[in-house]
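Single-structure report; data block below.
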Amino acid sequence: MTVPPTLRRAALAAALSLAALPALVHAAPSPMLDASHPVNWWFAFKFNAASFPGCGGSAQVDSCQFGGSPQSYTSGNGFSQQFVYASSSEPSLSQGGGCVGDTTTDPVGATFSQIYNGTLNYVVWNDQFYGDPAIPSCSGASCGAPWGHSKGVLAWDDQGNGVVMQVSTPSWPASGSAQYPRGSDGNTLGCVQDNDVKVSQHFFALKLSHADTLAVLQALANASVATDPGNPQIVKNGGPADIQNAVSQLGQRSDSSTPQVSKLSSGVTLIAKPSALQVPPWQLVSAELGGAPLRAATWWEGSKSIAIPSTSRAGAPACWDSSLPTPGPVAIATSGSWAGRSFSLKGGMGYNFNHAKIGVSTGGGAAYAIFGDMNQEGALSGNCASAQNGRGGLFFALPNAALANSIAKLIGGSTAAAAR
C-alpha cells in the first residue's frame, strides 16, 4: 500500500512534535542539577577553605564562563568550591565534584547558565555589589540598613513561571545576562575580586508557578532588597502585567513592619522580614512556623555584643512585636562535620568560618529545612534596631524530613551557650 504524500508529511510532523515534547516540557525555568536534569528544588552547601580547600578532584577554576578571570586566591588553598548538595530527586546530602558554580555540570552553574545565557526575564539583588552595579540611594560600595540583607536571582518566562536562586555570596551574581556583562569585575565564582569562596556559603533554588513568582517579588519588596529596575545588567522586566508591576516596585526601601508569609505551590513557606520589624531574625522564623524549635548556622561572631545567644526555652524576647506569634527556642550551631572532617560555623575573617544561613526545625510538627538571608545577630533586648534586627531578608522553609535530617547532621556539632 502506498501512503499519500500528504499523509506522510502529516505523520512526519506529528513525529517531530512528539520528539520535541520533552524539550518543550523542560523549557520552563527550573532548578537544574546539570544542563539536562531539571528538578523542583535543590540545596548546595559550599565548604570553607580550611576544611575542604580547592575544588573537587583535579578540577581547577579556569573557564570563568559567566565573566571574569581566575583570581590569585584560587592558585592555592585560599578558597573552596567543594560542596555537598541535595535535591527533590535525592533529598539526602551527597558530595559533588568539580568547582561549584563554574560549569553546567553542577547545580549552581547549570541553574545560573539557564538564566545568564538564556532569554528569561530576571531580577538580581545583592546588598554587596561593591559598586558594579551601583545602586541608587545606596551610599558606599555596599548597602547597609535599612536595605535588606539579601542576595539572589529570580527569573521567569512570558507566562510567569520561574525559578529563584537564593545565595549567600557577596558580589555574586551581579549580572543576569551575557548581553549586559559586569564591567569592572567577574561574574563567576572564583573569578570575582572579592574572595567570596573562602568561607562557607549556601545556595538554594526552587521552581515557581506564576503565583509563586509574584509572591517572591512581593517578598523582595517587603524586605527592601538592593536592586535597580532601571539597570538591564540586573533587571529585565517582562511577562504578565502583574509581575511587571511588582518588579517596578523594587529598588525602594519599604516602610512596612509586617512580615509576609506565603505558602508556595511547592509547599515551601516563604517568610519576608521587613527592616522596620525590629526583632531577632530566626526567632521570627520560629514564630511563623508555629513556634518550632530551630537550630541555625549563620555568620555568628560570638565575641561581639551583637551575637544573639542560643535560647533554650520558648517565649517572646523583649525585642518583639505583640502582633507576632510566640517563637520557640533557637540554638546556634557553631561547628559541623562532613566525611569525618569538622569545620567551624562561626563568622570571622579567617579560612575556617561560615557565611551560609541555614537551619532546621528540631521538634514540633513538620520537619523543616530552612534557607535564609539573615544572620542571627542583633539583640534579644536593649537596642532592638541593632544589626540584623533592623534589616530585611527572606527565608524559605522546605518541609522535607530527609533533607532536614541530613542538614541536621551537617550542622550537628557544638552549640553556642544559651542566654541567661
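Chain labels run A, B, ... following the order of the C-alpha cells; each chain numbers its residues from 1, and ligands are numbered from 1 in the order shown.
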Shell around Glu90 in chain A at 10 Å using only C-alpha atoms, local window under 6 positions removed, as a list in words: Val39, Trp42, Ala402 and Leu403 of chain A
I'd like the neighbourhood of Gly328 in chain A as a PyMOL selection string, where a residue qualifies if any of its atoms comes within 7 Å (using only C-alpha atoms), though same-chain residues fewer than 6 positions away should be ignored. chain A and resi 286-287+291-293+313-315
Next, dump the selected residues to file, keeping only N, CA, C and O atoms, as a PDB file, in the first residue's frame.
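Dumped everything to part13.pdb:
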ATOM      1  N   SER A 286      10.945  30.993  63.621  1.00  0.00           N
ATOM      2  CA  SER A 286      10.327  30.020  64.529  1.00  0.00           C
ATOM      3  C   SER A 286       8.871  30.363  64.795  1.00  0.00           C
ATOM      4  O   SER A 286       7.989  29.492  64.741  1.00  0.00           O
ATOM      5  N   ALA A 287       8.612  31.646  65.062  1.00  0.00           N
ATOM      6  CA  ALA A 287       7.238  32.060  65.363  1.00  0.00           C
ATOM      7  C   ALA A 287       6.300  31.779  64.211  1.00  0.00           C
ATOM      8  O   ALA A 287       5.176  31.284  64.399  1.00  0.00           O
ATOM      9  N   GLY A 291       6.027  28.195  66.205  1.00  0.00           N
ATOM     10  CA  GLY A 291       6.822  28.087  67.421  1.00  0.00           C
ATOM     11  C   GLY A 291       7.770  26.910  67.420  1.00  0.00           C
ATOM     12  O   GLY A 291       8.236  26.475  68.482  1.00  0.00           O
ATOM     13  N   ALA A 292       8.107  26.388  66.239  1.00  0.00           N
ATOM     14  CA  ALA A 292       9.003  25.239  66.149  1.00  0.00           C
ATOM     15  C   ALA A 292      10.384  25.587  66.700  1.00  0.00           C
ATOM     16  O   ALA A 292      10.917  26.664  66.423  1.00  0.00           O
ATOM     17  N   PRO A 293      10.988  24.688  67.496  1.00  0.00           N
ATOM     18  CA  PRO A 293      12.370  24.912  67.914  1.00  0.00           C
ATOM     19  C   PRO A 293      13.308  24.759  66.720  1.00  0.00           C
ATOM     20  O   PRO A 293      13.098  23.891  65.868  1.00  0.00           O
ATOM     21  N   ARG A 313      14.442  28.121  75.755  1.00  0.00           N
ATOM     22  CA  ARG A 313      13.024  27.999  76.072  1.00  0.00           C
ATOM     23  C   ARG A 313      12.172  28.810  75.104  1.00  0.00           C
ATOM     24  O   ARG A 313      12.634  29.804  74.540  1.00  0.00           O
ATOM     25  N   ALA A 314      10.938  28.403  74.932  1.00  0.00           N
ATOM     26  CA  ALA A 314      10.004  29.163  74.112  1.00  0.00           C
ATOM     27  C   ALA A 314       9.628  30.445  74.828  1.00  0.00           C
ATOM     28  O   ALA A 314       9.685  30.537  76.056  1.00  0.00           O
ATOM     29  N   GLY A 315       9.248  31.438  74.035  1.00  0.00           N
ATOM     30  CA  GLY A 315       8.804  32.691  74.620  1.00  0.00           C
ATOM     31  C   GLY A 315       9.319  33.878  73.840  1.00  0.00           C
ATOM     32  O   GLY A 315      10.381  33.812  73.221  1.00  0.00           O
TER      33      GLY A 315
END
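Closest to Ile358 in chain A among A:Ile306, A:Gly118, A:Ser275, A:Ala296 is A:Ala296, based on only C-alpha atoms.
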Expected answer as number ranges by chain: alpha helix (DSSP H) residues in range 130-223 of chain A: A: 210-222
Now that the selection is made, can you save its residues with N, CA and C atoms as a compact mmCIF listing (two decimals), in the first residue's frame?
# COMPACT_ATOMS: atom_id res chain seq x y z
N HIS A 210 3.43 30.88 38.38
CA HIS A 210 3.18 32.32 38.19
C HIS A 210 2.87 32.97 39.53
N ALA A 211 1.97 32.37 40.31
CA ALA A 211 1.60 32.95 41.61
C ALA A 211 2.79 32.98 42.55
N ASP A 212 3.62 31.95 42.50
CA ASP A 212 4.82 31.91 43.34
C ASP A 212 5.78 33.04 42.98
N THR A 213 5.99 33.24 41.67
CA THR A 213 6.90 34.30 41.22
C THR A 213 6.43 35.66 41.74
N LEU A 214 5.13 35.89 41.67
CA LEU A 214 4.57 37.14 42.17
C LEU A 214 4.81 37.26 43.68
N ALA A 215 4.62 36.16 44.41
CA ALA A 215 4.82 36.19 45.86
C ALA A 215 6.27 36.49 46.21
N VAL A 216 7.22 35.92 45.46
CA VAL A 216 8.63 36.18 45.72
C VAL A 216 8.96 37.65 45.45
N LEU A 217 8.42 38.22 44.36
CA LEU A 217 8.66 39.63 44.06
C LEU A 217 8.09 40.53 45.17
N GLN A 218 6.92 40.20 45.66
CA GLN A 218 6.33 40.99 46.74
C GLN A 218 7.16 40.87 48.01
N ALA A 219 7.71 39.68 48.25
CA ALA A 219 8.58 39.48 49.41
C ALA A 219 9.87 40.29 49.28
N LEU A 220 10.42 40.34 48.07
CA LEU A 220 11.63 41.13 47.85
C LEU A 220 11.38 42.61 48.15
N ALA A 221 10.21 43.10 47.73
CA ALA A 221 9.87 44.50 48.01
C ALA A 221 9.71 44.72 49.51
N ASN A 222 9.06 43.79 50.20
CA ASN A 222 8.84 43.92 51.64
C ASN A 222 10.16 43.92 52.40
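Of the listed residues (A:Ser266, A:Ser310, A:Ser386, A:Ser175), A:Ser386 comes nearest to Gln278 in chain A; the distances count only C-alpha atoms.
In this comparison, which uses only C-alpha atoms, the residue of A:Ala369, A:Leu189, A:Ala155, A:Ala276 approaching Thr169 in chain A most closely is A:Leu189.
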Nearby residues (only C-alpha atoms) at most 6 Å from range 96-104 of chain A, same-chain spacing under 5 positions excluded, as a ChimeraX atom specification: /A:34-35,55-56,59,81,83-84,109-110,189
Those same residues - all heavy atoms - I'd like them written as a PDB file, in the first residue's frame.
ATOM      1  N   ASP A  34      22.163  19.583  36.408  1.00  0.00           N
ATOM      2  CA  ASP A  34      23.149  19.808  35.362  1.00  0.00           C
ATOM      3  C   ASP A  34      22.375  20.297  34.150  1.00  0.00           C
ATOM      4  O   ASP A  34      21.184  20.587  34.260  1.00  0.00           O
ATOM      5  CB  ASP A  34      23.997  18.556  35.069  1.00  0.00           C
ATOM      6  CG  ASP A  34      23.149  17.342  34.695  1.00  0.00           C
ATOM      7  OD1 ASP A  34      22.208  17.485  33.885  1.00  0.00           O
ATOM      8  OD2 ASP A  34      23.431  16.230  35.189  1.00  0.00           O
ATOM      9  N   ALA A  35      23.007  20.393  33.006  1.00  0.00           N
ATOM     10  CA  ALA A  35      22.367  21.027  31.851  1.00  0.00           C
ATOM     11  C   ALA A  35      21.120  20.309  31.372  1.00  0.00           C
ATOM     12  O   ALA A  35      20.303  20.894  30.647  1.00  0.00           O
ATOM     13  CB  ALA A  35      23.371  21.146  30.710  1.00  0.00           C
ATOM     14  N   CYS A  55      39.008  22.747  44.669  1.00  0.00           N
ATOM     15  CA  CYS A  55      37.856  22.135  44.010  1.00  0.00           C
ATOM     16  C   CYS A  55      37.923  20.622  44.166  1.00  0.00           C
ATOM     17  O   CYS A  55      38.950  20.069  44.551  1.00  0.00           O
ATOM     18  CB  CYS A  55      37.835  22.507  42.530  1.00  0.00           C
ATOM     19  SG  CYS A  55      37.623  24.277  42.212  1.00  0.00           S
ATOM     20  N   GLY A  56      36.833  19.953  43.838  1.00  0.00           N
ATOM     21  CA  GLY A  56      36.808  18.507  43.932  1.00  0.00           C
ATOM     22  C   GLY A  56      37.700  17.848  42.892  1.00  0.00           C
ATOM     23  O   GLY A  56      37.792  18.297  41.744  1.00  0.00           O
ATOM     24  N   ALA A  59      39.939  19.242  39.506  1.00  0.00           N
ATOM     25  CA  ALA A  59      39.345  20.401  38.837  1.00  0.00           C
ATOM     26  C   ALA A  59      39.997  21.698  39.302  1.00  0.00           C
ATOM     27  O   ALA A  59      40.452  21.817  40.441  1.00  0.00           O
ATOM     28  CB  ALA A  59      37.847  20.452  39.101  1.00  0.00           C
ATOM     29  N   GLN A  81      35.693  25.536  46.562  1.00  0.00           N
ATOM     30  CA  GLN A  81      34.480  25.373  45.763  1.00  0.00           C
ATOM     31  C   GLN A  81      34.045  23.913  45.769  1.00  0.00           C
ATOM     32  O   GLN A  81      33.372  23.437  44.864  1.00  0.00           O
ATOM     33  CB  GLN A  81      34.696  25.929  44.351  1.00  0.00           C
ATOM     34  CG  GLN A  81      34.703  27.458  44.351  1.00  0.00           C
ATOM     35  CD  GLN A  81      34.951  28.100  43.006  1.00  0.00           C
ATOM     36  OE1 GLN A  81      35.944  28.799  42.826  1.00  0.00           O
ATOM     37  NE2 GLN A  81      34.046  27.881  42.061  1.00  0.00           N
ATOM     38  N   PHE A  83      31.649  21.081  47.525  1.00  0.00           N
ATOM     39  CA  PHE A  83      30.287  21.251  48.003  1.00  0.00           C
ATOM     40  C   PHE A  83      29.577  19.928  48.198  1.00  0.00           C
ATOM     41  O   PHE A  83      29.964  18.896  47.639  1.00  0.00           O
ATOM     42  CB  PHE A  83      29.487  22.113  47.024  1.00  0.00           C
ATOM     43  CG  PHE A  83      29.243  21.472  45.669  1.00  0.00           C
ATOM     44  CD1 PHE A  83      27.997  20.933  45.352  1.00  0.00           C
ATOM     45  CD2 PHE A  83      30.249  21.392  44.716  1.00  0.00           C
ATOM     46  CE1 PHE A  83      27.765  20.336  44.109  1.00  0.00           C
ATOM     47  CE2 PHE A  83      30.028  20.816  43.475  1.00  0.00           C
ATOM     48  CZ  PHE A  83      28.778  20.280  43.169  1.00  0.00           C
ATOM     49  N   VAL A  84      28.513  19.974  48.983  1.00  0.00           N
ATOM     50  CA  VAL A  84      27.541  18.888  49.076  1.00  0.00           C
ATOM     51  C   VAL A  84      26.206  19.438  48.609  1.00  0.00           C
ATOM     52  O   VAL A  84      25.960  20.653  48.662  1.00  0.00           O
ATOM     53  CB  VAL A  84      27.427  18.327  50.501  1.00  0.00           C
ATOM     54  CG1 VAL A  84      28.697  17.577  50.886  1.00  0.00           C
ATOM     55  CG2 VAL A  84      27.135  19.422  51.523  1.00  0.00           C
ATOM     56  N   GLY A 109      26.036  26.245  38.739  1.00  0.00           N
ATOM     57  CA  GLY A 109      26.409  26.686  37.404  1.00  0.00           C
ATOM     58  C   GLY A 109      25.340  26.397  36.370  1.00  0.00           C
ATOM     59  O   GLY A 109      25.042  27.230  35.502  1.00  0.00           O
ATOM     60  N   ALA A 110      24.733  25.208  36.443  1.00  0.00           N
ATOM     61  CA  ALA A 110      23.716  24.834  35.457  1.00  0.00           C
ATOM     62  C   ALA A 110      22.480  25.719  35.579  1.00  0.00           C
ATOM     63  O   ALA A 110      21.902  26.145  34.572  1.00  0.00           O
ATOM     64  CB  ALA A 110      23.338  23.362  35.636  1.00  0.00           C
ATOM     65  N   LEU A 189      31.865  32.384  40.133  1.00  0.00           N
ATOM     66  CA  LEU A 189      32.510  32.034  41.391  1.00  0.00           C
ATOM     67  C   LEU A 189      33.973  31.673  41.150  1.00  0.00           C
ATOM     68  O   LEU A 189      34.291  30.926  40.224  1.00  0.00           O
ATOM     69  CB  LEU A 189      31.783  30.876  42.068  1.00  0.00           C
ATOM     70  CG  LEU A 189      30.360  31.176  42.570  1.00  0.00           C
ATOM     71  CD1 LEU A 189      29.741  29.933  43.182  1.00  0.00           C
ATOM     72  CD2 LEU A 189      30.361  32.326  43.565  1.00  0.00           C
TER      73      LEU A 189
END
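Distance check against Ser414 in chain A using only C-alpha atoms: of A:Gln128, A:Gln159, A:Ser342, A:Ser72, the minimum falls on A:Ser342.
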Shell around Lys198 in chain A at 8 Å using only C-alpha atoms, local window under 5 positions removed, as a PDB file with N, CA and C atoms, in the first residue's frame:
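Result written to result_22.pdb:
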ATOM      1  N   ASN A  48      34.204  25.661  53.612  1.00  0.00           N
ATOM      2  CA  ASN A  48      35.217  26.703  53.739  1.00  0.00           C
ATOM      3  C   ASN A  48      36.594  26.165  53.349  1.00  0.00           C
ATOM      4  N   ALA A  49      37.539  27.097  53.173  1.00  0.00           N
ATOM      5  CA  ALA A  49      38.856  26.746  52.639  1.00  0.00           C
ATOM      6  C   ALA A  49      39.693  25.936  53.611  1.00  0.00           C
ATOM      7  N   GLY A  78      43.519  29.033  49.418  1.00  0.00           N
ATOM      8  CA  GLY A  78      42.807  30.159  49.999  1.00  0.00           C
ATOM      9  C   GLY A  78      41.350  30.239  49.611  1.00  0.00           C
ATOM     10  N   PHE A  79      40.808  29.157  49.081  1.00  0.00           N
ATOM     11  CA  PHE A  79      39.404  29.162  48.678  1.00  0.00           C
ATOM     12  C   PHE A  79      38.873  27.739  48.716  1.00  0.00           C
ATOM     13  N   SER A  80      37.583  27.595  48.629  1.00  0.00           N
ATOM     14  CA  SER A  80      36.963  26.276  48.472  1.00  0.00           C
ATOM     15  C   SER A  80      35.744  26.394  47.577  1.00  0.00           C
ATOM     16  N   TYR A 351      39.912  31.511  57.414  1.00  0.00           N
ATOM     17  CA  TYR A 351      39.504  30.499  56.439  1.00  0.00           C
ATOM     18  C   TYR A 351      38.501  29.484  57.006  1.00  0.00           C
TER      19      TYR A 351
END
Determine which residues of range 31-279 of chain A receive a DSSP assignment of strand (DSSP E or B), computed from the backbone, and state them as a PyMOL selection string. chain A and resi 32+38+41-46+54+80+83-87+90-95+121-126+151-156+162-167+200-208+235-236+260-263+269-273
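Within 12 Å of Ala385 in chain A, once only C-alpha atoms are used and residues closer than 4 positions along the same chain are dropped, the contacting residues are Ala145, Pro146, Ser275, Ala276, Leu277, Gln278, Val279, Pro280, Pro281, Ile306, Cys319, Trp320, Glu377, Gly378, Ala379, Leu380, Ser381, Asn389, Gly390, Arg391 and Gly392 of chain A.
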Compare A:Ala134, A:Val261, A:Val199, A:Ala223 by their minimum atom-to-atom distance to His149 in chain A, counting only C-alpha atoms, and give me the closest one. A:Ala223
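Between Pro232 in chain A and the candidates A:Gln179, A:Ser139, A:Thr326, A:Ser58, the tightest atom-to-atom separation, counting only C-alpha atoms, involves A:Gln179.
Interatomic distance, CA of Ala418 in chain A to CA of Phe396 in chain A: 25.3 Å.
For Lys151 in chain A, the non-local neighbours within 6 Å, defined as residues at least 4 positions apart in the same chain or in other chains and counting only C-alpha atoms, are Trp125, Asn126 and Val167 of chain A.
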Write a file of the selected residues as an mmCIF file, in the first residue's frame, keeping all heavy atoms.
data_model
loop_
_atom_site.group_PDB
_atom_site.id
_atom_site.type_symbol
_atom_site.label_atom_id
_atom_site.label_comp_id
_atom_site.auth_asym_id
_atom_site.auth_seq_id
_atom_site.Cartn_x
_atom_site.Cartn_y
_atom_site.Cartn_z
ATOM 1 N N TRP A 125 19.562 40.696 42.889
ATOM 2 C CA TRP A 125 19.678 41.615 44.012
ATOM 3 C C TRP A 125 20.824 41.168 44.920
ATOM 4 O O TRP A 125 21.142 39.990 45.011
ATOM 5 C CB TRP A 125 18.366 41.688 44.798
ATOM 6 C CG TRP A 125 17.970 40.417 45.499
ATOM 7 C CD1 TRP A 125 18.191 40.097 46.810
ATOM 8 C CD2 TRP A 125 17.286 39.298 44.920
ATOM 9 N NE1 TRP A 125 17.686 38.849 47.095
ATOM 10 C CE2 TRP A 125 17.133 38.331 45.948
ATOM 11 C CE3 TRP A 125 16.796 39.013 43.650
ATOM 12 C CZ2 TRP A 125 16.500 37.109 45.720
ATOM 13 C CZ3 TRP A 125 16.178 37.781 43.427
ATOM 14 C CH2 TRP A 125 16.031 36.853 44.456
ATOM 15 N N ASN A 126 21.466 42.130 45.558
ATOM 16 C CA ASN A 126 22.593 41.830 46.438
ATOM 17 C C ASN A 126 22.934 43.103 47.198
ATOM 18 O O ASN A 126 23.064 44.162 46.593
ATOM 19 C CB ASN A 126 23.797 41.353 45.609
ATOM 20 C CG ASN A 126 24.813 40.579 46.415
ATOM 21 O OD1 ASN A 126 25.313 41.069 47.415
ATOM 22 N ND2 ASN A 126 25.142 39.377 45.950
ATOM 23 N N VAL A 167 21.250 33.019 47.316
ATOM 24 C CA VAL A 167 22.677 32.800 47.532
ATOM 25 C C VAL A 167 23.099 33.581 48.769
ATOM 26 O O VAL A 167 22.413 34.506 49.206
ATOM 27 C CB VAL A 167 23.525 33.221 46.310
ATOM 28 C CG1 VAL A 167 22.975 32.610 45.028
ATOM 29 C CG2 VAL A 167 23.587 34.744 46.170
#
